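Source file input.txt; content: compact mmCIF, C-alpha atoms.
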# COMPACT_ATOMS: atom_id res chain seq x y z
CA MET A 1 -5.98 -17.67 -36.39
CA ARG A 2 -5.02 -16.91 -32.79
CA VAL A 3 -6.50 -19.01 -30.01
CA GLY A 4 -7.51 -15.87 -28.12
CA PRO A 5 -11.32 -15.63 -27.93
CA GLY A 6 -11.97 -19.35 -27.48
CA TYR A 7 -10.58 -22.34 -29.35
CA PRO A 8 -11.45 -22.90 -33.04
CA LEU A 9 -14.28 -25.29 -33.85
CA TYR A 10 -13.40 -28.99 -33.93
CA GLN A 11 -15.28 -31.56 -35.97
CA LEU A 12 -14.57 -35.26 -36.36
CA GLY A 13 -11.68 -35.77 -38.77
CA ASN A 14 -10.10 -32.33 -38.21
CA PRO A 15 -6.33 -32.31 -37.67
CA GLN A 16 -4.99 -31.96 -34.13
CA LEU A 17 -4.99 -28.29 -33.04
CA ARG A 18 -1.41 -27.02 -32.80
CA VAL A 19 -0.67 -23.72 -31.09
CA PHE A 20 2.68 -22.29 -32.14
CA ARG A 21 2.97 -19.34 -29.78
CA THR A 22 0.90 -19.69 -26.60
CA ASN A 23 -0.77 -16.63 -25.15
CA PHE A 24 -1.08 -18.23 -21.70
CA PHE A 25 1.00 -16.84 -18.82
CA ILE A 26 1.01 -18.64 -15.48
CA GLN A 27 2.36 -17.75 -12.05
CA LEU A 28 3.60 -20.00 -9.28
CA VAL A 29 2.06 -18.87 -5.98
CA ARG A 30 2.77 -19.66 -2.35
CA PRO A 31 -0.09 -21.83 -1.00
CA GLY A 32 -2.34 -20.14 1.56
CA THR A 33 -3.07 -23.37 3.42
CA ALA A 34 -0.53 -26.18 3.87
CA GLN A 35 -0.29 -28.43 0.82
CA PRO A 36 1.36 -31.88 0.43
CA GLU A 37 5.03 -31.76 -0.51
CA ASP A 38 4.55 -32.82 -4.11
CA THR A 39 1.84 -30.19 -4.81
CA VAL A 40 2.64 -26.94 -6.60
CA GLN A 41 0.04 -24.16 -6.77
CA PHE A 42 -0.38 -22.01 -9.91
CA ARG A 43 -2.60 -19.12 -10.99
CA ILE A 44 -3.56 -19.65 -14.61
CA PRO A 45 -5.78 -17.77 -17.07
CA MET A 46 -9.48 -18.63 -17.00
CA GLU A 47 -9.43 -20.03 -20.54
CA MET A 48 -6.73 -22.62 -19.76
CA THR A 49 -7.73 -26.22 -18.98
CA ARG A 50 -5.91 -28.82 -16.90
CA VAL A 51 -4.89 -30.67 -20.08
CA ASP A 52 -3.41 -27.41 -21.40
CA LEU A 53 -1.51 -26.85 -18.17
CA ARG A 54 -0.12 -30.39 -18.23
CA ASN A 55 1.15 -29.96 -21.80
CA TYR A 56 2.47 -26.48 -20.97
CA LEU A 57 4.53 -27.67 -18.01
CA GLU A 58 5.74 -30.85 -19.67
CA ARG A 59 6.85 -29.26 -22.94
CA ILE A 60 7.96 -25.75 -22.03
CA TYR A 61 9.31 -26.33 -18.52
CA ASN A 62 10.23 -30.04 -18.70
CA VAL A 63 8.35 -30.75 -15.45
CA PRO A 64 6.79 -34.24 -15.12
CA VAL A 65 3.16 -33.88 -14.03
CA ALA A 66 1.16 -36.65 -12.37
CA ALA A 67 -2.18 -34.90 -11.74
CA VAL A 68 -3.76 -31.45 -12.16
CA ARG A 69 -6.84 -30.15 -10.39
CA THR A 70 -8.32 -26.70 -11.05
CA ARG A 71 -10.82 -24.38 -9.45
CA VAL A 72 -12.04 -20.85 -10.19
CA GLN A 73 -11.49 -18.25 -7.48
CA HIS A 74 -14.12 -15.50 -7.40
CA GLY A 75 -12.57 -12.03 -7.04
CA SER A 76 -14.49 -9.88 -4.53
CA ASN A 77 -17.05 -7.38 -5.83
CA ARG A 78 -18.00 -6.17 -2.37
CA LYS A 79 -15.64 -3.20 -1.93
CA ARG A 80 -16.93 0.21 -2.87
CA ASP A 81 -14.99 3.32 -3.82
CA TYR A 82 -15.65 7.00 -2.95
CA ARG A 83 -18.79 7.19 -5.17
CA ASN A 84 -20.23 3.92 -3.86
CA ALA A 85 -19.48 2.16 -7.17
CA ARG A 86 -18.48 -1.47 -6.75
CA VAL A 87 -14.80 -2.30 -7.21
CA LYS A 88 -14.25 -5.74 -8.74
CA LYS A 89 -11.08 -7.72 -8.13
CA PRO A 90 -10.50 -9.96 -11.18
CA ASP A 91 -11.41 -13.66 -11.03
CA TYR A 92 -8.65 -16.18 -11.56
CA LYS A 93 -8.25 -19.93 -11.91
CA VAL A 94 -6.08 -21.83 -9.41
CA ALA A 95 -4.41 -25.11 -10.39
CA TYR A 96 -2.94 -27.66 -8.01
CA VAL A 97 -0.29 -29.71 -9.80
CA GLN A 98 1.10 -32.93 -8.33
CA LEU A 99 4.59 -33.77 -9.55
CA ALA A 100 5.47 -37.23 -10.82
CA HIS A 101 8.40 -39.51 -9.89
CA GLY A 102 8.15 -38.59 -6.20
CA GLN A 103 9.56 -35.07 -6.68
CA THR A 104 8.92 -32.51 -3.94
CA PHE A 105 8.74 -28.74 -4.07
CA THR A 106 8.73 -26.07 -1.36
CA PHE A 107 8.11 -22.44 -2.21
CA PRO A 108 11.42 -20.61 -1.63
CA ASP A 109 11.91 -17.39 0.30
CA LEU A 110 12.37 -14.78 -2.42
CA PHE A 111 13.02 -11.85 -0.07
CA PRO A 112 15.74 -12.95 2.35
CA GLU A 113 17.17 -10.22 4.56
CA LYS A 114 20.56 -9.29 3.18
CA GLU A 115 23.17 -7.78 5.57
CA GLN A 116 24.62 -4.56 4.22
CA SER A 117 28.25 -5.27 3.35
CA PRO A 118 30.73 -2.68 4.73
CA ASP A 119 32.72 -2.62 1.49
CA GLY A 120 29.63 -1.92 -0.51
CA SER A 121 28.98 1.77 0.23
CA PRO A 122 31.50 3.46 2.60
CA GLY A 123 30.91 6.87 1.02
CA ASP A 124 27.15 6.77 1.68
CA GLU A 125 27.64 5.84 5.34
CA ASP A 126 30.11 8.71 5.90
CA ILE A 127 27.72 11.21 4.34
CA GLN A 128 24.86 9.89 6.50
CA ASP A 129 26.99 10.20 9.66
CA LYS A 130 27.96 13.77 8.78
CA LEU A 131 24.33 14.75 8.19
CA LEU A 132 23.32 13.22 11.54
CA GLU A 133 26.09 15.17 13.34
CA GLU A 134 25.01 18.43 11.68
CA GLN A 135 21.38 17.86 12.70
CA GLN A 136 22.40 17.16 16.31
CA ARG A 137 24.52 20.30 16.39
CA ARG A 138 21.61 22.44 15.15
CA GLN A 139 19.21 20.95 17.67
CA SER A 140 21.49 21.25 20.74
CA ARG A 141 21.17 24.56 22.60
CA ASP A 142 23.87 27.12 23.48
CA PRO A 143 26.08 25.51 26.23
CA ARG A 144 26.60 28.98 27.83
CA ARG A 145 22.94 29.09 28.94
CA GLY A 146 23.53 26.24 31.42
CA GLY A 147 20.65 23.97 30.43
CA VAL A 148 17.96 26.72 30.58
CA PRO A 149 15.29 26.27 27.86
CA ASP A 150 14.90 28.84 25.02
CA TRP A 151 11.42 29.86 26.21
CA PHE A 152 12.97 32.14 28.82
CA GLY A 153 14.00 35.53 27.40
CA LEU A 154 17.63 36.40 26.70
CA MET B 155 3.75 -24.08 -46.97
CA ALA B 156 4.58 -21.69 -44.17
CA ALA B 157 2.34 -23.64 -41.82
CA ALA B 158 4.15 -26.89 -42.62
CA SER B 159 7.57 -25.34 -42.11
CA PHE B 160 6.29 -23.73 -38.93
CA GLY B 161 5.05 -27.09 -37.77
CA VAL B 162 8.45 -28.65 -38.47
CA LEU B 163 10.18 -25.83 -36.58
CA CYS B 164 7.72 -26.15 -33.70
CA ARG B 165 8.30 -29.85 -33.44
CA LYS B 166 12.08 -29.33 -33.62
CA ALA B 167 12.08 -26.66 -30.90
CA LEU B 168 9.75 -28.53 -28.57
CA THR B 169 11.22 -31.96 -29.08
CA GLY B 170 14.78 -30.63 -28.91
CA LEU B 171 14.47 -31.07 -25.15
CA LYS B 172 13.13 -34.61 -25.47
CA VAL B 173 15.97 -35.66 -27.78
CA SER B 174 18.44 -35.43 -24.91
CA ARG B 175 16.56 -38.15 -23.07
CA SER B 176 17.01 -40.59 -25.95
CA LEU B 177 20.16 -42.60 -26.66
CA ILE B 178 21.48 -40.15 -29.29
CA SER B 179 24.51 -38.35 -27.87
CA PRO B 180 25.30 -34.68 -28.63
CA GLN B 181 28.43 -35.72 -30.54
CA ALA B 182 26.42 -37.90 -32.90
CA LEU B 183 23.91 -35.08 -33.41
CA ALA B 184 26.67 -32.58 -34.16
CA SER B 185 27.89 -34.73 -37.03
CA THR B 186 24.40 -34.69 -38.58
CA GLY B 187 24.16 -30.89 -38.06
CA LEU B 188 20.96 -31.09 -35.93
CA LEU B 189 22.51 -30.15 -32.60
CA HIS B 190 20.46 -27.92 -30.26
CA THR B 191 22.70 -26.57 -27.55
CA THR B 192 20.03 -25.10 -25.23
CA LEU B 193 19.15 -28.30 -23.37
CA SER B 194 18.55 -26.86 -19.89
CA ARG B 195 16.78 -29.17 -17.45
CA LYS B 196 15.97 -26.70 -14.71
CA GLY B 197 12.25 -27.39 -14.32
CA LEU B 198 10.41 -25.38 -11.68
CA GLU B 199 13.55 -23.32 -10.94
CA GLU B 200 12.81 -21.38 -14.13
CA PHE B 201 9.85 -19.78 -12.37
CA PHE B 202 12.32 -17.93 -10.14
CA ASP B 203 15.15 -15.54 -10.78
CA ASP B 204 18.84 -16.32 -10.26
CA PRO B 205 19.19 -17.00 -6.48
CA LYS B 206 21.87 -14.27 -6.30
CA ASN B 207 19.15 -11.70 -7.11
CA TRP B 208 16.77 -12.75 -4.31
CA GLY B 209 16.46 -9.92 -1.78
CA GLU B 210 18.10 -7.32 -4.00
CA GLU B 211 16.45 -3.93 -4.35
CA LYS B 212 17.26 -3.43 -8.01
CA VAL B 213 18.04 -5.86 -10.80
CA LYS B 214 19.63 -4.43 -13.93
CA SER B 215 18.07 -5.29 -17.27
CA GLY B 216 18.46 -4.19 -20.90
CA ALA B 217 15.97 -2.44 -23.18
CA SER B 218 12.99 -4.15 -24.78
CA TRP B 219 13.11 -5.55 -28.31
CA THR B 220 12.02 -3.04 -30.97
CA CYS B 221 9.94 -3.97 -34.02
CA GLN B 222 12.80 -3.21 -36.41
CA GLN B 223 15.24 -5.45 -34.51
CA LEU B 224 12.73 -8.29 -34.60
CA ARG B 225 12.08 -7.89 -38.31
CA ASN B 226 15.70 -8.82 -38.95
CA LYS B 227 15.28 -12.22 -37.25
CA SER B 228 14.22 -15.47 -38.90
CA ASN B 229 10.98 -17.25 -38.02
CA GLU B 230 12.83 -19.92 -36.05
CA ASP B 231 14.63 -17.27 -33.98
CA LEU B 232 11.36 -15.46 -33.30
CA HIS B 233 9.73 -18.71 -32.20
CA LYS B 234 12.56 -19.41 -29.75
CA LEU B 235 12.53 -15.82 -28.53
CA TRP B 236 8.80 -16.00 -27.88
CA TYR B 237 9.33 -18.89 -25.43
CA VAL B 238 12.34 -17.21 -23.80
CA LEU B 239 10.21 -14.09 -23.25
CA LEU B 240 7.30 -16.25 -22.05
CA LYS B 241 9.42 -17.89 -19.37
CA GLU B 242 10.82 -14.50 -18.30
CA ARG B 243 7.31 -13.08 -18.09
CA ASN B 244 6.11 -16.03 -15.99
CA MET B 245 9.08 -15.55 -13.68
CA LEU B 246 8.35 -11.83 -13.25
CA LEU B 247 4.64 -12.46 -12.65
CA THR B 248 5.55 -15.03 -9.98
CA LEU B 249 7.86 -12.47 -8.35
CA GLU B 250 5.18 -9.76 -8.49
CA GLN B 251 2.61 -12.02 -6.82
CA GLU B 252 5.07 -13.07 -4.11
CA ALA B 253 5.99 -9.42 -3.46
CA LYS B 254 2.28 -8.57 -3.03
CA ARG B 255 1.90 -11.54 -0.68
CA GLN B 256 4.87 -10.50 1.48
CA LYS B 257 3.83 -6.81 1.27
CA LEU B 258 7.27 -5.82 -0.02
CA PRO B 259 8.20 -3.82 -3.16
CA MET B 260 9.02 -5.85 -6.24
CA PRO B 261 12.62 -5.29 -7.39
CA SER B 262 12.67 -3.47 -10.77
CA PRO B 263 9.05 -3.77 -11.95
CA GLU B 264 10.00 -2.11 -15.25
CA ARG B 265 11.34 -5.49 -16.39
CA LEU B 266 7.80 -6.78 -16.73
CA GLU B 267 6.75 -3.80 -18.88
CA LYS B 268 9.79 -4.32 -21.12
CA VAL B 269 8.99 -8.01 -21.58
CA ILE B 270 5.34 -7.26 -22.38
CA ASP B 271 6.39 -4.62 -24.93
CA SER B 272 8.84 -7.05 -26.53
CA MET B 273 6.16 -9.75 -26.80
CA ASP B 274 3.68 -7.31 -28.34
CA ALA B 275 6.30 -6.20 -30.87
CA LEU B 276 7.07 -9.85 -31.72
CA ASP B 277 3.38 -10.58 -32.18
CA LYS B 278 3.06 -7.52 -34.44
CA VAL B 279 6.00 -8.64 -36.59
CA VAL B 280 4.64 -12.18 -36.94
CA GLN B 281 1.19 -10.83 -37.85
CA GLU B 282 2.81 -8.61 -40.50
CA ARG B 283 4.58 -11.63 -42.02
CA GLU B 284 1.39 -13.72 -41.94
CA ASP B 285 -0.61 -10.89 -43.55
CA ALA B 286 1.97 -10.48 -46.32
CA LEU B 287 2.02 -14.22 -47.00
CA ARG B 288 -1.77 -14.45 -47.07
CA LEU B 289 -2.04 -11.45 -49.43
CA LEU B 290 0.50 -12.96 -51.79
CA GLN B 291 -0.96 -16.47 -51.77
CA THR B 292 -4.70 -15.83 -51.67
CA GLY B 293 -5.25 -12.08 -52.00
CA GLN B 294 -7.37 -12.02 -48.80
CA GLU B 295 -6.80 -8.89 -46.72
CA LYS B 296 -8.26 -10.26 -43.47
CA ALA B 297 -7.64 -13.61 -41.83
CA ARG B 298 -11.15 -13.88 -40.37
CA PRO B 299 -14.00 -13.71 -42.92
CA GLY B 300 -16.70 -11.08 -42.50
CA ALA B 301 -19.12 -8.80 -44.36
CA TRP B 302 -20.50 -5.24 -44.30
CA ARG B 303 -24.09 -5.45 -43.00
CA ARG B 304 -26.74 -3.06 -41.73
CA ASP B 305 -27.61 -3.90 -38.13
CA ILE B 306 -30.99 -3.48 -36.42
CA PHE B 307 -30.16 0.16 -35.52
CA GLY B 308 -29.52 1.11 -39.15
CA ARG B 309 -25.75 1.35 -38.72
CA ILE B 310 -23.42 -0.21 -41.32
CA ILE B 311 -21.07 -2.52 -39.40
CA TRP B 312 -18.35 -5.07 -40.25
CA HIS B 313 -19.90 -8.32 -39.05
CA LYS B 314 -17.20 -10.94 -38.27
CA PHE B 315 -18.24 -14.52 -38.97
CA LYS B 316 -18.18 -17.17 -36.26
CA GLN B 317 -17.45 -20.87 -36.74
CA TRP B 318 -20.56 -23.06 -36.53
CA PRO B 319 -20.99 -26.81 -37.13
CA ILE B 320 -24.41 -26.26 -38.78
CA PRO B 321 -25.51 -24.09 -41.77
CA TRP B 322 -26.98 -20.62 -41.07
CA TYR B 323 -30.58 -21.48 -42.00
CA LEU B 324 -30.68 -24.18 -39.27
CA ASN B 325 -29.06 -21.92 -36.64
CA LYS B 326 -31.71 -20.65 -34.18
CA ARG B 327 -29.41 -18.21 -32.36
CA TYR B 328 -28.05 -16.70 -35.59
CA ASN B 329 -31.53 -16.29 -37.09
CA ARG B 330 -32.68 -14.31 -34.06
CA LYS B 331 -30.08 -11.66 -35.00
CA ARG B 332 -31.61 -9.23 -37.52
CA PHE B 333 -29.36 -7.74 -40.20
CA PHE B 334 -32.02 -5.37 -41.55
CA ALA B 335 -33.59 -2.15 -40.24
CA MET B 336 -37.35 -1.47 -40.15
CA PRO B 337 -38.71 1.74 -41.81
CA TYR B 338 -39.18 3.61 -38.47
CA VAL B 339 -35.40 3.49 -37.97
CA GLU B 340 -34.74 5.80 -40.97
CA ARG B 341 -35.61 8.85 -38.87
CA PHE B 342 -32.93 7.99 -36.32
CA VAL B 343 -30.38 7.30 -39.07
CA ARG B 344 -31.05 10.82 -40.38
CA LEU B 345 -30.66 12.30 -36.87
CA ARG B 346 -27.35 10.48 -36.47
CA LEU B 347 -26.13 11.85 -39.83
CA GLU B 348 -27.16 15.37 -38.77
CA LYS B 349 -25.26 14.98 -35.49
CA GLN B 350 -22.10 13.87 -37.33
CA ALA B 351 -22.49 16.74 -39.83
CA ARG B 352 -22.79 19.23 -36.97
CA ILE B 353 -19.67 17.87 -35.23
CA GLU B 354 -17.64 18.08 -38.45
CA ALA B 355 -18.92 21.58 -39.25
CA ARG B 356 -17.94 22.71 -35.73
CA LYS B 357 -14.42 21.30 -36.20
CA LYS B 358 -14.00 23.04 -39.58
CA SER B 359 -15.24 26.38 -38.29
CA LEU B 360 -12.91 26.13 -35.29
CA GLU B 361 -9.95 25.51 -37.62
CA LYS B 362 -10.91 28.48 -39.78
CA LYS B 363 -11.26 30.69 -36.70
CA LYS B 364 -7.80 29.70 -35.46
CA GLU B 365 -6.31 30.25 -38.89
CA LYS B 366 -7.90 33.74 -39.06
CA PHE B 367 -6.62 34.61 -35.57
CA LEU B 368 -3.06 33.55 -36.40
CA GLN B 369 -3.21 35.41 -39.72
CA LYS B 370 -4.22 38.57 -37.87
CA LYS B 371 -1.56 38.16 -35.18
CA PHE B 372 1.39 37.07 -37.42
CA PRO B 373 0.72 38.44 -40.94
CA HIS B 374 4.43 38.14 -41.85
CA LEU B 375 4.42 34.33 -41.31
CA SER B 376 1.52 33.49 -43.63
CA GLU B 377 2.06 30.97 -46.42
CA ALA B 378 0.54 33.26 -49.07
CA GLN B 379 3.32 35.79 -48.40
CA LYS B 380 5.99 33.07 -48.65
CA SER B 381 4.74 31.83 -52.03
CA SER B 382 4.51 35.42 -53.34
CA LEU B 383 8.13 36.08 -52.27
CA VAL B 384 9.29 32.92 -54.09
Here is a file; write its structure as structure tokens.
Amino acid sequence: MRVGPGYPLYQLGNPQLRVFRTNFFIQLVRPGTAQPEDTVQFRIPMEMTRVDLRNYLERIYNVPVAAVRTRVQHGSNRKRDYRNARVKKPDYKVAYVQLAHGQTFTFPDLFPEKEQSPDGSPGDEDIQDKLLEEQQRRQSRDPRRGGVPDWFGL
Amino acid sequence: MAAASFGVLCRKALTGLKVSRSLISPQALASTGLLHTTLSRKGLEEFFDDPKNWGEEKVKSGASWTCQQLRNKSNEDLHKLWYVLLKERNMLLTLEQEAKRQKLPMPSPERLEKVIDSMDALDKVVQEREDALRLLQTGQEKARPGAWRRDIFGRIIWHKFKQWPIPWYLNKRYNRKRFFAMPYVERFVRLRLEKQARIEARKKSLEKKKEKFLQKKFPHLSEAQKSSLV
């Protein structure tokens, strides 16, 4: 029985619920406002609780967690498309996780500007230069006309 | 039986990481034959790709796992693969969100589709194995109990049972649901049947028309001629 549409019923004396293959997928996000150094911000599915997230991070990712706080972000329903029907952006839950043992985390820059190496693609650059030269040749007028524009006859 | 073995495997896989923190050394474990070699301690770095790939336009990746390839793997391997794919998926989702934030294109978004396809195939294979086991052990075709019932509109539906802590005759919300149809609904049931009959008759007549047209246009390709020749 998959823990998809809600958790199974629990009554006193039932064995501890064990989930063998989680269906929860989380994303680390860059915080919009400045957060303390030990705080990591996640977007998690709506059905996940803070206890679930703590277990998830501790067991799957080996990350020691001190505290977890969650909130639900409402996705806007205000935009309207060409037929005036409302366009809903999905709601999502945001979790703020504080790391234990004084660890800090800063969100890295995942899109650094990489300088194009000259050894990488010499052939491409030559072709580009040739194309540019050909275009300039086509655009430049006949030198025998002495700078006179083409609008004038002959 | 399968659940117990699964539980043992689950505990092994999840506590394999914790074992390294204890005093048992890998050499001692190897002698007992319980050595797990994937003891990575990367932590939050696993939410991001290899730093060499940051800023690249394309990242090469292989094809997704097919159902047949997964059927050849043992349950333990599938369990480990599920978590490998889960971590990869989380990493790609993180990258996608960051790309949207920075208003830049995500490098190789097809990786995410491949991972999702692999996970769906894995789920399908595990469901197949669970179904087979349940059929052999108990003879039940479906995991979740249910029954064929007539709803308030006169339709025959498969009603799936929900889990309640109280019996059905004490359940106010369940008793408000009516699994019977009043006599004035019979007329609408008949109209629905007529509608379905009309749709099916239209389909059949269309098929016959097409068949007749093809017969007229290509008389030499008809099946009756072929059988007569044989």
Please determine the contact residues of chain B with respect to chain A at a cut-off of 6 Å, counting all atoms listed in the file, and supply them as a VMD selection string.
chain B and resid 197 208 to 209 244 247 to 248
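In this model, the gap between atom CA of Glu361 of chain B and atom CA of Arg309 of chain B comes to 28.9 Å.
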Atom CA of Phe307 of chain B and atom CA of Gln350 of chain B, how far apart in Å?
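These atoms are spaced 16.0 Å apart.
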Would you compute the box with edges along x, y and z of the file around segment 344-347 of chain B, including every atom the file lists for it and 4 Å extra on each side, and give its centre and edge lengths in Å to one decimal, as AutoDock Vina command-line options?
--center_x -28.6 --center_y 11.4 --center_z -38.4 --size_x 12.9 --size_y 9.8 --size_z 11.9
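Going from atom CA of Glu264 of chain B to atom CA of Leu235 of chain B covers 19.3 Å.
Every protein or nucleic acid residue with an atom no more than 7 Å from segment 222-234 of chain B, counting all atoms listed in the file and leaving out same-chain residues fewer than 2 positions away, appears here: Leu163, Trp219, Thr220, Trp236, Tyr237, Val238, Leu276 and Val279 of chain B.
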With C-alpha atoms kept, could you save the residues just selected as a CSV table (one decimal), keeping the file's coordinate frame?
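The result, stored in out_0.csv:
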chain,number,residue,atom,x,y,z
B,163,LEU,CA,10.2,-25.8,-36.6
B,219,TRP,CA,13.1,-5.6,-28.3
B,220,THR,CA,12.0,-3.0,-31.0
B,236,TRP,CA,8.8,-16.0,-27.9
B,237,TYR,CA,9.3,-18.9,-25.4
B,238,VAL,CA,12.3,-17.2,-23.8
B,276,LEU,CA,7.1,-9.8,-31.7
B,279,VAL,CA,6.0,-8.6,-36.6
Near Val68 of chain A, counting all atoms listed in the file, which residues have an atom at most 9 Å away, once you skip same-chain residues fewer than 3 positions from it, shown as a ChimeraX atom specification?
/A:50-51,53-54,65,95-98
